[in-house]
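Reproduced below: my_file_32.pdb, with PDB, C-alpha atoms.
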ATOM      1  CA  ASP A   1     -41.720-151.658  78.750
ATOM      2  CA  ALA A   2     -42.166-149.517  81.831
ATOM      3  CA  GLY A   3     -39.027-148.666  83.679
ATOM      4  CA  VAL A   4     -38.751-148.129  87.399
ATOM      5  CA  THR A   5     -41.543-145.926  88.675
ATOM      6  CA  GLN A   6     -41.591-144.113  91.982
ATOM      7  CA  SER A   7     -44.210-142.125  93.834
ATOM      8  CA  PRO A   8     -44.650-139.481  94.958
ATOM      9  CA  THR A   9     -42.158-137.423  92.993
ATOM     10  CA  HIS A  10     -42.053-134.593  95.508
ATOM     11  CA  LEU A  11     -43.270-134.243  99.043
ATOM     12  CA  ILE A  12     -42.881-131.955 102.007
ATOM     13  CA  LYS A  13     -43.091-133.135 105.606
ATOM     14  CA  THR A  14     -42.363-131.667 108.992
ATOM     15  CA  ARG A  15     -40.002-132.982 111.641
ATOM     16  CA  GLY A  16     -41.359-135.951 113.538
ATOM     17  CA  GLN A  17     -43.742-137.038 110.806
ATOM     18  CA  GLN A  18     -43.631-140.324 108.951
ATOM     19  CA  VAL A  19     -43.348-140.892 105.217
ATOM     20  CA  THR A  20     -43.920-143.804 102.846
ATOM     21  CA  LEU A  21     -42.334-143.915  99.410
ATOM     22  CA  ARG A  22     -43.293-146.419  96.758
ATOM     23  CA  CYS A  23     -41.476-148.137  93.934
ATOM     24  CA  SER A  24     -42.444-150.435  91.097
ATOM     25  CA  PRO A  25     -39.460-152.198  89.561
ATOM     26  CA  LYS A  26     -38.714-152.589  85.887
ATOM     27  CA  SER A  27     -40.597-155.450  84.290
ATOM     28  CA  GLY A  28     -38.768-158.729  84.848
ATOM     29  CA  HIS A  29     -36.761-157.454  87.808
ATOM     30  CA  ASP A  30     -37.088-159.057  91.211
ATOM     31  CA  THR A  31     -34.664-157.123  93.404
ATOM     32  CA  VAL A  32     -35.266-153.633  94.719
ATOM     33  CA  SER A  33     -32.684-151.425  96.403
ATOM     34  CA  TRP A  34     -33.198-148.033  97.980
ATOM     35  CA  TYR A  35     -30.681-145.216  98.023
ATOM     36  CA  GLN A  36     -30.618-141.801  99.661
ATOM     37  CA  GLN A  37     -28.924-138.975  97.788
ATOM     38  CA  ALA A  38     -28.327-135.764  99.684
ATOM     39  CA  LEU A  39     -27.530-132.605  97.761
ATOM     40  CA  GLY A  40     -24.020-132.699  96.344
ATOM     41  CA  GLN A  41     -23.442-136.295  97.393
ATOM     42  CA  GLY A  42     -23.527-139.648  95.697
ATOM     43  CA  PRO A  43     -26.351-142.087  96.395
ATOM     44  CA  GLN A  44     -26.006-143.927  99.719
ATOM     45  CA  PHE A  45     -27.289-147.497  99.995
ATOM     46  CA  ILE A  46     -30.151-147.894 102.461
ATOM     47  CA  PHE A  47     -31.264-151.496 101.968
ATOM     48  CA  GLN A  48     -32.187-154.129  99.427
ATOM     49  CA  TYR A  49     -35.158-156.469  99.119
ATOM     50  CA  TYR A  50     -35.424-159.797  97.380
ATOM     51  CA  GLU A  51     -38.127-162.427  97.792
ATOM     52  CA  GLU A  52     -39.922-160.073 100.178
ATOM     53  CA  GLU A  53     -37.013-160.056 102.610
ATOM     54  CA  GLU A  54     -34.352-157.522 103.453
ATOM     55  CA  ARG A  55     -31.111-158.981 102.107
ATOM     56  CA  GLN A  56     -28.624-156.230 102.812
ATOM     57  CA  ARG A  57     -28.693-153.049 104.795
ATOM     58  CA  GLY A  58     -26.530-149.957 104.785
ATOM     59  CA  ASN A  59     -25.618-147.756 107.713
ATOM     60  CA  PHE A  60     -29.061-146.283 108.326
ATOM     61  CA  PRO A  61     -30.990-146.231 111.612
ATOM     62  CA  ASP A  62     -34.024-148.357 112.328
ATOM     63  CA  ARG A  63     -36.237-145.364 111.537
ATOM     64  CA  PHE A  64     -35.745-146.494 107.956
ATOM     65  CA  SER A  65     -37.731-149.605 107.161
ATOM     66  CA  GLY A  66     -39.055-151.232 104.065
ATOM     67  CA  HIS A  67     -41.168-153.878 102.538
ATOM     68  CA  GLN A  68     -41.385-155.826  99.321
ATOM     69  CA  PHE A  69     -44.653-157.199  98.032
ATOM     70  CA  PRO A  70     -45.287-160.414  96.069
ATOM     71  CA  ASN A  71     -45.429-158.409  92.831
ATOM     72  CA  TYR A  72     -41.865-157.170  93.602
ATOM     73  CA  SER A  73     -42.934-153.601  94.279
ATOM     74  CA  SER A  74     -41.501-152.018  97.374
ATOM     75  CA  GLU A  75     -42.061-149.347  99.983
ATOM     76  CA  LEU A  76     -39.617-147.311 102.017
ATOM     77  CA  ASN A  77     -40.854-145.958 105.322
ATOM     78  CA  VAL A  78     -39.109-143.333 107.388
ATOM     79  CA  ASN A  79     -40.364-142.554 110.886
ATOM     80  CA  ALA A  80     -39.673-139.582 113.136
ATOM     81  CA  LEU A  81     -38.361-137.480 110.286
ATOM     82  CA  LEU A  82     -35.341-135.268 110.879
ATOM     83  CA  LEU A  83     -34.225-132.258 108.889
ATOM     84  CA  GLY A  84     -31.270-134.323 107.713
ATOM     85  CA  ASP A  85     -33.599-136.793 106.025
ATOM     86  CA  SER A  86     -34.228-134.231 103.295
ATOM     87  CA  ALA A  87     -32.881-135.865 100.155
ATOM     88  CA  LEU A  88     -33.671-137.548  96.883
ATOM     89  CA  TYR A  89     -34.719-141.140  97.528
ATOM     90  CA  LEU A  90     -33.906-143.417  94.652
ATOM     91  CA  CYS A  91     -35.263-146.859  94.001
ATOM     92  CA  ALA A  92     -33.165-149.183  91.865
ATOM     93  CA  SER A  93     -34.272-152.489  90.449
ATOM     94  CA  SER A  94     -32.269-155.404  89.150
ATOM     95  CA  PHE A  95     -32.614-159.060  88.319
ATOM     96  CA  VAL A  96     -31.045-161.538  90.700
ATOM     97  CA  ARG A  97     -29.419-163.379  87.791
ATOM     98  CA  GLY A  98     -28.690-160.230  85.847
ATOM     99  CA  VAL A  99     -25.455-158.406  85.217
ATOM    100  CA  THR A 100     -23.814-157.441  88.497
ATOM    101  CA  GLY A 101     -24.133-153.751  89.176
ATOM    102  CA  GLU A 102     -26.530-153.095  86.356
ATOM    103  CA  LEU A 103     -29.142-151.231  88.323
ATOM    104  CA  PHE A 104     -32.002-149.294  86.810
ATOM    105  CA  PHE A 105     -33.011-146.273  88.818
ATOM    106  CA  GLY A 106     -36.341-144.555  89.092
ATOM    107  CA  GLU A 107     -36.546-140.781  88.883
ATOM    108  CA  GLY A 108     -36.682-140.588  92.632
ATOM    109  CA  SER A 109     -38.839-139.083  95.336
ATOM    110  CA  ARG A 110     -37.605-135.713  96.524
ATOM    111  CA  LEU A 111     -38.342-135.347 100.219
ATOM    112  CA  THR A 112     -38.116-132.018 102.023
ATOM    113  CA  VAL A 113     -38.365-132.017 105.806
ATOM    114  CA  LEU A 114     -39.165-128.666 107.407
TER     115      LEU A 114
ATOM    116  CA  ARG B   1     -11.659-142.299 104.574
ATOM    117  CA  LYS B   2     -14.555-142.654 102.164
ATOM    118  CA  GLU B   3     -14.968-146.006 100.478
ATOM    119  CA  VAL B   4     -15.062-144.411  97.024
ATOM    120  CA  GLU B   5     -13.474-141.039  96.380
ATOM    121  CA  GLN B   6     -13.768-138.708  93.447
ATOM    122  CA  ASP B   7     -12.727-135.158  92.706
ATOM    123  CA  PRO B   8     -16.047-133.254  92.789
ATOM    124  CA  GLY B   9     -14.883-130.760  90.151
ATOM    125  CA  PRO B  10     -16.385-129.021  88.352
ATOM    126  CA  PHE B  11     -14.291-129.709  85.307
ATOM    127  CA  ASN B  12     -14.876-126.910  82.806
ATOM    128  CA  VAL B  13     -13.793-127.883  79.292
ATOM    129  CA  PRO B  14     -14.483-126.562  75.797
ATOM    130  CA  GLU B  15     -16.250-128.614  73.188
ATOM    131  CA  GLY B  16     -13.894-131.050  71.509
ATOM    132  CA  ALA B  17     -11.593-131.374  74.496
ATOM    133  CA  THR B  18     -10.484-134.617  76.076
ATOM    134  CA  VAL B  19     -11.158-134.939  79.787
ATOM    135  CA  ALA B  20     -10.275-137.656  82.281
ATOM    136  CA  PHE B  21     -11.746-138.498  85.664
ATOM    137  CA  ASN B  22     -10.237-140.708  88.307
ATOM    138  CA  CYS B  23     -11.812-142.505  91.192
ATOM    139  CA  THR B  24     -10.176-144.452  94.012
ATOM    140  CA  TYR B  25     -11.708-147.151  96.158
ATOM    141  CA  SER B  26     -10.571-148.460  99.510
ATOM    142  CA  ASN B  27     -12.091-151.925  99.700
ATOM    143  CA  SER B  28      -9.740-154.358  97.975
ATOM    144  CA  ALA B  29     -12.549-156.930  97.978
ATOM    145  CA  SER B  30     -14.604-154.795  95.605
ATOM    146  CA  GLN B  31     -15.661-156.955  92.729
ATOM    147  CA  SER B  32     -17.199-154.890  89.973
ATOM    148  CA  PHE B  33     -16.779-151.316  88.877
ATOM    149  CA  PHE B  34     -18.936-148.863  86.998
ATOM    150  CA  TRP B  35     -19.403-145.343  85.778
ATOM    151  CA  TYR B  36     -22.881-143.864  86.044
ATOM    152  CA  ARG B  37     -24.003-140.587  84.552
ATOM    153  CA  GLN B  38     -26.436-138.324  86.381
ATOM    154  CA  ASP B  39     -28.011-135.268  84.805
ATOM    155  CA  CYS B  40     -29.147-132.429  87.039
ATOM    156  CA  ARG B  41     -32.056-133.504  89.251
ATOM    157  CA  LYS B  42     -32.385-136.791  87.389
ATOM    158  CA  GLU B  43     -31.664-140.399  88.263
ATOM    159  CA  PRO B  44     -28.256-142.054  87.686
ATOM    160  CA  LYS B  45     -27.942-144.082  84.520
ATOM    161  CA  LEU B  46     -25.330-146.722  83.813
ATOM    162  CA  LEU B  47     -22.733-145.355  81.425
ATOM    163  CA  MET B  48     -20.355-148.299  81.305
ATOM    164  CA  SER B  49     -18.847-151.132  83.256
ATOM    165  CA  VAL B  50     -15.128-151.083  83.921
ATOM    166  CA  TYR B  51     -12.870-154.072  83.321
ATOM    167  CA  SER B  52      -9.209-154.699  84.041
ATOM    168  CA  SER B  53      -8.591-155.044  80.337
ATOM    169  CA  GLY B  54     -10.167-151.655  79.752
ATOM    170  CA  ASN B  55     -13.206-151.035  77.671
ATOM    171  CA  GLU B  56     -14.278-148.488  75.132
ATOM    172  CA  ASP B  57     -17.673-147.290  73.995
ATOM    173  CA  GLY B  58     -17.448-144.683  71.306
ATOM    174  CA  ARG B  59     -15.827-141.583  72.778
ATOM    175  CA  PHE B  60     -15.706-143.104  76.262
ATOM    176  CA  THR B  61     -12.911-145.287  77.614
ATOM    177  CA  ALA B  62     -12.824-146.813  81.083
ATOM    178  CA  GLN B  63      -9.879-148.415  82.830
ATOM    179  CA  LEU B  64      -9.424-150.309  86.073
ATOM    180  CA  ASN B  65      -6.175-150.603  88.004
ATOM    181  CA  ARG B  66      -6.734-153.157  90.763
ATOM    182  CA  ALA B  67      -3.191-152.869  92.128
ATOM    183  CA  SER B  68      -3.587-149.159  92.749
ATOM    184  CA  GLN B  69      -7.331-149.397  93.381
ATOM    185  CA  TYR B  70      -8.395-146.731  90.983
ATOM    186  CA  ILE B  71     -10.785-146.412  88.076
ATOM    187  CA  SER B  72     -10.631-143.902  85.273
ATOM    188  CA  LEU B  73     -12.967-142.530  82.649
ATOM    189  CA  LEU B  74     -11.732-140.760  79.543
ATOM    190  CA  ILE B  75     -14.060-138.723  77.357
ATOM    191  CA  ARG B  76     -12.741-137.696  73.962
ATOM    192  CA  ASP B  77     -14.155-134.980  71.715
ATOM    193  CA  SER B  78     -16.430-133.613  74.452
ATOM    194  CA  LYS B  79     -19.925-132.583  73.448
ATOM    195  CA  LEU B  80     -22.210-130.074  75.140
ATOM    196  CA  SER B  81     -24.496-133.003  75.905
ATOM    197  CA  ASP B  82     -21.751-134.631  77.985
ATOM    198  CA  SER B  83     -22.316-132.012  80.684
ATOM    199  CA  ALA B  84     -23.437-134.004  83.706
ATOM    200  CA  THR B  85     -22.182-135.523  86.930
ATOM    201  CA  TYR B  86     -20.217-138.739  86.540
ATOM    202  CA  LEU B  87     -20.515-141.158  89.433
ATOM    203  CA  CYS B  88     -17.986-143.867  90.080
ATOM    204  CA  ALA B  89     -19.466-146.984  91.711
ATOM    205  CA  VAL B  90     -18.144-150.279  93.029
ATOM    206  CA  THR B  91     -19.948-153.363  94.255
ATOM    207  CA  THR B  92     -19.230-154.666  97.731
ATOM    208  CA  GLY B  93     -22.083-157.128  97.943
ATOM    209  CA  PHE B  94     -24.680-158.643  95.694
ATOM    210  CA  GLN B  95     -26.033-155.839  93.533
ATOM    211  CA  LYS B  96     -25.025-153.334  96.228
ATOM    212  CA  LEU B  97     -23.321-150.290  94.825
ATOM    213  CA  VAL B  98     -21.153-147.852  96.740
ATOM    214  CA  PHE B  99     -20.961-144.523  94.934
ATOM    215  CA  GLY B 100     -18.499-141.700  95.015
ATOM    216  CA  THR B 101     -19.719-138.158  95.400
ATOM    217  CA  GLY B 102     -19.553-137.659  91.640
ATOM    218  CA  THR B 103     -17.495-135.433  89.380
ATOM    219  CA  ARG B 104     -19.289-132.587  87.675
ATOM    220  CA  LEU B 105     -18.413-131.901  84.049
ATOM    221  CA  LEU B 106     -19.353-128.687  82.259
ATOM    222  CA  VAL B 107     -18.693-128.563  78.515
ATOM    223  CA  SER B 108     -18.881-125.094  77.033
ATOM    224  CA  PRO B 109     -19.203-123.951  73.392
TER     225      PRO B 109
END

In structure tokens, what does this structure look like?
Amino acid sequence: DAGVTQSPTHLIKTRGQQVTLRCSPKSGHDTVSWYQQALGQGPQFIFQYYEEEERQRGNFPDRFSGHQFPNYSSELNVNALLLGDSALYLCASSFVRGVTGELFFGEGSRLTVL
Amino acid sequence: RKEVEQDPGPFNVPEGATVAFNCTYSNSASQSFFWYRQDCRKEPKLLMSVYSSGNEDGRFTAQLNRASQYISLLIRDSKLSDSATYLCAVTTGFQKLVFGTGTRLLVSP
């Protein structure tokens, strides 16, 4: 049973560029959430997708956008990258009727913005 | 004030020691509470849920005090493999977790 998979694992971009990160949820899960974890900080909630729609959103600017596909996989897009966007981006999947708070995280995509 | 606050540590303890972490949360509407473990440069993994009645899983005991809005984690008989960052998390919406900054634990021989 594959867990949550994310790609790419590492990437380097320059300021102003755009990036797309991808996530495949754990088998049987239908909800995907994205978190940003800066060095030395806890994960910060970006947004959550269910039934191909954004259900909840954290305090992140519109430069951060996402999408969920019919197979429940998801993408996170960040436009006009800033140095401060350098972080580990974590995808977490869950089942809408599952145990509250039981999220399964992928290994993350480590983004460096130069 | 941060929504979830933790002492970042690090907590340096010898093997076999008992160590306790606390976490406070500010949103009284928070519904569910958790401890996650995160190894260096890895993803967080659910360690245990936290209930008002307290719950225990082997060497780990978690407690919730809703009146004082804090959560605790007790680790008994620390092992070298317990070295990690322990993240406190609360839910404020459906499957939406708010994390603390994490408390780093270093267990030494």

Given the ChimeraX specification (/B :<10) & /A and the file above, list the residues it selects as a PyMOL selection string.
chain A and resi 31-35+37-48+55-58+88-96+98-108+110

Save out the residues we just selected, C-alpha atoms, as a PDB file, in the frame of the given file.
ATOM      1  CA  THR A  31     -34.664-157.123  93.404  1.00  0.00           C
ATOM      2  CA  VAL A  32     -35.266-153.633  94.719  1.00  0.00           C
ATOM      3  CA  SER A  33     -32.684-151.425  96.403  1.00  0.00           C
ATOM      4  CA  TRP A  34     -33.198-148.033  97.980  1.00  0.00           C
ATOM      5  CA  TYR A  35     -30.681-145.216  98.023  1.00  0.00           C
ATOM      6  CA  GLN A  37     -28.924-138.975  97.788  1.00  0.00           C
ATOM      7  CA  ALA A  38     -28.327-135.764  99.684  1.00  0.00           C
ATOM      8  CA  LEU A  39     -27.530-132.605  97.761  1.00  0.00           C
ATOM      9  CA  GLY A  40     -24.020-132.699  96.344  1.00  0.00           C
ATOM     10  CA  GLN A  41     -23.442-136.295  97.393  1.00  0.00           C
ATOM     11  CA  GLY A  42     -23.527-139.648  95.697  1.00  0.00           C
ATOM     12  CA  PRO A  43     -26.351-142.087  96.395  1.00  0.00           C
ATOM     13  CA  GLN A  44     -26.006-143.927  99.719  1.00  0.00           C
ATOM     14  CA  PHE A  45     -27.289-147.497  99.995  1.00  0.00           C
ATOM     15  CA  ILE A  46     -30.151-147.894 102.461  1.00  0.00           C
ATOM     16  CA  PHE A  47     -31.264-151.496 101.968  1.00  0.00           C
ATOM     17  CA  GLN A  48     -32.187-154.129  99.427  1.00  0.00           C
ATOM     18  CA  ARG A  55     -31.111-158.981 102.107  1.00  0.00           C
ATOM     19  CA  GLN A  56     -28.624-156.230 102.812  1.00  0.00           C
ATOM     20  CA  ARG A  57     -28.693-153.049 104.795  1.00  0.00           C
ATOM     21  CA  GLY A  58     -26.530-149.957 104.785  1.00  0.00           C
ATOM     22  CA  LEU A  88     -33.671-137.548  96.883  1.00  0.00           C
ATOM     23  CA  TYR A  89     -34.719-141.140  97.528  1.00  0.00           C
ATOM     24  CA  LEU A  90     -33.906-143.417  94.652  1.00  0.00           C
ATOM     25  CA  CYS A  91     -35.263-146.859  94.001  1.00  0.00           C
ATOM     26  CA  ALA A  92     -33.165-149.183  91.865  1.00  0.00           C
ATOM     27  CA  SER A  93     -34.272-152.489  90.449  1.00  0.00           C
ATOM     28  CA  SER A  94     -32.269-155.404  89.150  1.00  0.00           C
ATOM     29  CA  PHE A  95     -32.614-159.060  88.319  1.00  0.00           C
ATOM     30  CA  VAL A  96     -31.045-161.538  90.700  1.00  0.00           C
ATOM     31  CA  GLY A  98     -28.690-160.230  85.847  1.00  0.00           C
ATOM     32  CA  VAL A  99     -25.455-158.406  85.217  1.00  0.00           C
ATOM     33  CA  THR A 100     -23.814-157.441  88.497  1.00  0.00           C
ATOM     34  CA  GLY A 101     -24.133-153.751  89.176  1.00  0.00           C
ATOM     35  CA  GLU A 102     -26.530-153.095  86.356  1.00  0.00           C
ATOM     36  CA  LEU A 103     -29.142-151.231  88.323  1.00  0.00           C
ATOM     37  CA  PHE A 104     -32.002-149.294  86.810  1.00  0.00           C
ATOM     38  CA  PHE A 105     -33.011-146.273  88.818  1.00  0.00           C
ATOM     39  CA  GLY A 106     -36.341-144.555  89.092  1.00  0.00           C
ATOM     40  CA  GLU A 107     -36.546-140.781  88.883  1.00  0.00           C
ATOM     41  CA  GLY A 108     -36.682-140.588  92.632  1.00  0.00           C
ATOM     42  CA  ARG A 110     -37.605-135.713  96.524  1.00  0.00           C
TER      43      ARG A 110
END

Starting from the displayed file, determine the output of the PyMOL selection byres ((chain B and resi 23) around 8) and express the residue list as a PyMOL selection string.
chain B and resi 4-7+21-22+24-25+70-72+88+100

Quick one: residues within 7 Å of (-15.2, -139.1, 76.3) (file frame), counting only C-alpha atoms, please, as a ChimeraX atom specification.
/B:18-19,59-61,74-78

Nearest residue to A:Ser24 out of A:Tyr50, A:Gln36, A:Tyr72, A:Phe64, using all atoms listed in the file?
A:Tyr72

Applied to this file, what does the PyMOL selection byres ((chain A and resi 66) around 6) return in terms of residues, put as a PDB file with C-alpha atoms, in the frame of the given file?
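Now in out09.pdb:
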ATOM      1  CA  SER A  65     -37.731-149.605 107.161  1.00  0.00           C
ATOM      2  CA  HIS A  67     -41.168-153.878 102.538  1.00  0.00           C
ATOM      3  CA  GLU A  75     -42.061-149.347  99.983  1.00  0.00           C
ATOM      4  CA  LEU A  76     -39.617-147.311 102.017  1.00  0.00           C
ATOM      5  CA  ASN A  77     -40.854-145.958 105.322  1.00  0.00           C
TER       6      ASN A  77
END

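Interatomic distance, atom CA of B:Ser83 against atom CA of B:Glu56: 19.2 Å.
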
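Taking atom CA of A:Ala2 and atom CA of A:Pro25 as the two end points, the separation is 8.6 Å.
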
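Atom CA of B:Glu3 to atom CA of B:Trp35 spans 15.4 Å [interatomic distance, one decimal].
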
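Between A:Ser74 and the residues A:Glu52, A:Ser27, A:Ser109, A:Val19, the shortest atom-to-atom distance, using only C-alpha atoms, involves A:Glu52.
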
B:Ser81, B:Arg37, B:Ser108, B:Ser28: which is nearest B:Asn65, counting only C-alpha atoms?
B:Ser28

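Of the listed residues (B:Ser26, B:Cys40, B:Arg1, B:Ala17), B:Ser26 comes nearest to B:Ser68; the distances count all atoms listed in the file.
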
N, CA and C atoms restored at stretch 56-87 of chain A, emitted as a PDB file, in the frame of the given file:
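Generated file (rebuild31.pdb):
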ATOM      1  N   GLN A  56     -29.800-156.991 102.402  1.00  0.00           N
ATOM      2  CA  GLN A  56     -28.624-156.230 102.812  1.00  0.00           C
ATOM      3  C   GLN A  56     -29.122-154.888 103.340  1.00  0.00           C
ATOM      4  N   ARG A  57     -28.316-154.326 104.226  1.00  0.00           N
ATOM      5  CA  ARG A  57     -28.693-153.049 104.795  1.00  0.00           C
ATOM      6  C   ARG A  57     -27.459-152.166 104.919  1.00  0.00           C
ATOM      7  N   GLY A  58     -27.617-150.913 104.616  1.00  0.00           N
ATOM      8  CA  GLY A  58     -26.530-149.957 104.785  1.00  0.00           C
ATOM      9  C   GLY A  58     -26.550-149.383 106.188  1.00  0.00           C
ATOM     10  N   ASN A  59     -25.772-148.353 106.387  1.00  0.00           N
ATOM     11  CA  ASN A  59     -25.618-147.756 107.713  1.00  0.00           C
ATOM     12  C   ASN A  59     -26.704-146.710 107.971  1.00  0.00           C
ATOM     13  N   PHE A  60     -27.923-147.162 108.060  1.00  0.00           N
ATOM     14  CA  PHE A  60     -29.061-146.283 108.326  1.00  0.00           C
ATOM     15  C   PHE A  60     -29.782-146.772 109.577  1.00  0.00           C
ATOM     16  N   PRO A  61     -30.322-145.840 110.357  1.00  0.00           N
ATOM     17  CA  PRO A  61     -30.990-146.231 111.612  1.00  0.00           C
ATOM     18  C   PRO A  61     -32.288-146.983 111.351  1.00  0.00           C
ATOM     19  N   ASP A  62     -32.796-147.560 112.424  1.00  0.00           N
ATOM     20  CA  ASP A  62     -34.024-148.357 112.328  1.00  0.00           C
ATOM     21  C   ASP A  62     -35.252-147.531 111.942  1.00  0.00           C
ATOM     22  N   ARG A  63     -35.119-146.216 111.984  1.00  0.00           N
ATOM     23  CA  ARG A  63     -36.237-145.364 111.537  1.00  0.00           C
ATOM     24  C   ARG A  63     -36.559-145.625 110.058  1.00  0.00           C
ATOM     25  N   PHE A  64     -35.568-146.158 109.370  1.00  0.00           N
ATOM     26  CA  PHE A  64     -35.745-146.494 107.956  1.00  0.00           C
ATOM     27  C   PHE A  64     -36.129-147.972 107.869  1.00  0.00           C
ATOM     28  N   SER A  65     -37.293-148.225 107.310  1.00  0.00           N
ATOM     29  CA  SER A  65     -37.731-149.605 107.161  1.00  0.00           C
ATOM     30  C   SER A  65     -38.355-149.768 105.783  1.00  0.00           C
ATOM     31  N   GLY A  66     -38.522-151.001 105.398  1.00  0.00           N
ATOM     32  CA  GLY A  66     -39.055-151.232 104.065  1.00  0.00           C
ATOM     33  C   GLY A  66     -39.872-152.490 103.982  1.00  0.00           C
ATOM     34  N   HIS A  67     -40.350-152.691 102.776  1.00  0.00           N
ATOM     35  CA  HIS A  67     -41.168-153.878 102.538  1.00  0.00           C
ATOM     36  C   HIS A  67     -41.137-154.162 101.043  1.00  0.00           C
ATOM     37  N   GLN A  68     -41.209-155.452 100.721  1.00  0.00           N
ATOM     38  CA  GLN A  68     -41.385-155.826  99.321  1.00  0.00           C
ATOM     39  C   GLN A  68     -42.610-156.704  99.214  1.00  0.00           C
ATOM     40  N   PHE A  69     -43.396-156.476  98.224  1.00  0.00           N
ATOM     41  CA  PHE A  69     -44.653-157.199  98.032  1.00  0.00           C
ATOM     42  C   PHE A  69     -44.456-158.349  97.031  1.00  0.00           C
ATOM     43  N   PRO A  70     -45.427-159.270  96.990  1.00  0.00           N
ATOM     44  CA  PRO A  70     -45.287-160.414  96.069  1.00  0.00           C
ATOM     45  C   PRO A  70     -45.115-160.015  94.605  1.00  0.00           C
ATOM     46  N   ASN A  71     -45.601-158.841  94.225  1.00  0.00           N
ATOM     47  CA  ASN A  71     -45.429-158.409  92.831  1.00  0.00           C
ATOM     48  C   ASN A  71     -44.100-157.667  92.621  1.00  0.00           C
ATOM     49  N   TYR A  72     -43.219-157.745  93.599  1.00  0.00           N
ATOM     50  CA  TYR A  72     -41.865-157.170  93.602  1.00  0.00           C
ATOM     51  C   TYR A  72     -41.827-155.678  93.884  1.00  0.00           C
ATOM     52  N   SER A  73     -42.958-155.009  93.924  1.00  0.00           N
ATOM     53  CA  SER A  73     -42.934-153.601  94.279  1.00  0.00           C
ATOM     54  C   SER A  73     -42.471-153.433  95.718  1.00  0.00           C
ATOM     55  N   SER A  74     -42.107-152.217  96.059  1.00  0.00           N
ATOM     56  CA  SER A  74     -41.501-152.018  97.374  1.00  0.00           C
ATOM     57  C   SER A  74     -41.912-150.681  97.960  1.00  0.00           C
ATOM     58  N   GLU A  75     -41.835-150.595  99.254  1.00  0.00           N
ATOM     59  CA  GLU A  75     -42.061-149.347  99.983  1.00  0.00           C
ATOM     60  C   GLU A  75     -40.868-149.056 100.881  1.00  0.00           C
ATOM     61  N   LEU A  76     -40.600-147.784 101.050  1.00  0.00           N
ATOM     62  CA  LEU A  76     -39.617-147.311 102.017  1.00  0.00           C
ATOM     63  C   LEU A  76     -40.372-146.447 103.011  1.00  0.00           C
ATOM     64  N   ASN A  77     -40.226-146.739 104.268  1.00  0.00           N
ATOM     65  CA  ASN A  77     -40.854-145.958 105.322  1.00  0.00           C
ATOM     66  C   ASN A  77     -39.779-145.294 106.175  1.00  0.00           C
ATOM     67  N   VAL A  78     -40.008-144.039 106.489  1.00  0.00           N
ATOM     68  CA  VAL A  78     -39.109-143.333 107.388  1.00  0.00           C
ATOM     69  C   VAL A  78     -39.958-142.727 108.502  1.00  0.00           C
ATOM     70  N   ASN A  79     -39.647-143.080 109.727  1.00  0.00           N
ATOM     71  CA  ASN A  79     -40.364-142.554 110.886  1.00  0.00           C
ATOM     72  C   ASN A  79     -39.589-141.425 111.543  1.00  0.00           C
ATOM     73  N   ALA A  80     -40.299-140.640 112.333  1.00  0.00           N
ATOM     74  CA  ALA A  80     -39.673-139.582 113.136  1.00  0.00           C
ATOM     75  C   ALA A  80     -38.699-138.765 112.304  1.00  0.00           C
ATOM     76  N   LEU A  81     -39.207-138.190 111.243  1.00  0.00           N
ATOM     77  CA  LEU A  81     -38.361-137.480 110.286  1.00  0.00           C
ATOM     78  C   LEU A  81     -37.518-136.390 110.945  1.00  0.00           C
ATOM     79  N   LEU A  82     -36.277-136.312 110.459  1.00  0.00           N
ATOM     80  CA  LEU A  82     -35.341-135.268 110.879  1.00  0.00           C
ATOM     81  C   LEU A  82     -35.052-134.370 109.682  1.00  0.00           C
ATOM     82  N   LEU A  83     -34.568-133.179 109.975  1.00  0.00           N
ATOM     83  CA  LEU A  83     -34.225-132.258 108.889  1.00  0.00           C
ATOM     84  C   LEU A  83     -33.221-132.901 107.939  1.00  0.00           C
ATOM     85  N   GLY A  84     -32.316-133.683 108.499  1.00  0.00           N
ATOM     86  CA  GLY A  84     -31.270-134.323 107.713  1.00  0.00           C
ATOM     87  C   GLY A  84     -31.757-135.430 106.800  1.00  0.00           C
ATOM     88  N   ASP A  85     -33.031-135.783 106.921  1.00  0.00           N
ATOM     89  CA  ASP A  85     -33.599-136.793 106.025  1.00  0.00           C
ATOM     90  C   ASP A  85     -33.999-136.195 104.682  1.00  0.00           C
ATOM     91  N   SER A  86     -33.929-134.893 104.570  1.00  0.00           N
ATOM     92  CA  SER A  86     -34.228-134.231 103.295  1.00  0.00           C
ATOM     93  C   SER A  86     -33.235-134.709 102.248  1.00  0.00           C
ATOM     94  N   ALA A  87     -33.755-135.272 101.175  1.00  0.00           N
ATOM     95  CA  ALA A  87     -32.881-135.865 100.155  1.00  0.00           C
ATOM     96  C   ALA A  87     -33.730-136.374  99.003  1.00  0.00           C
TER      97      ALA A  87
END
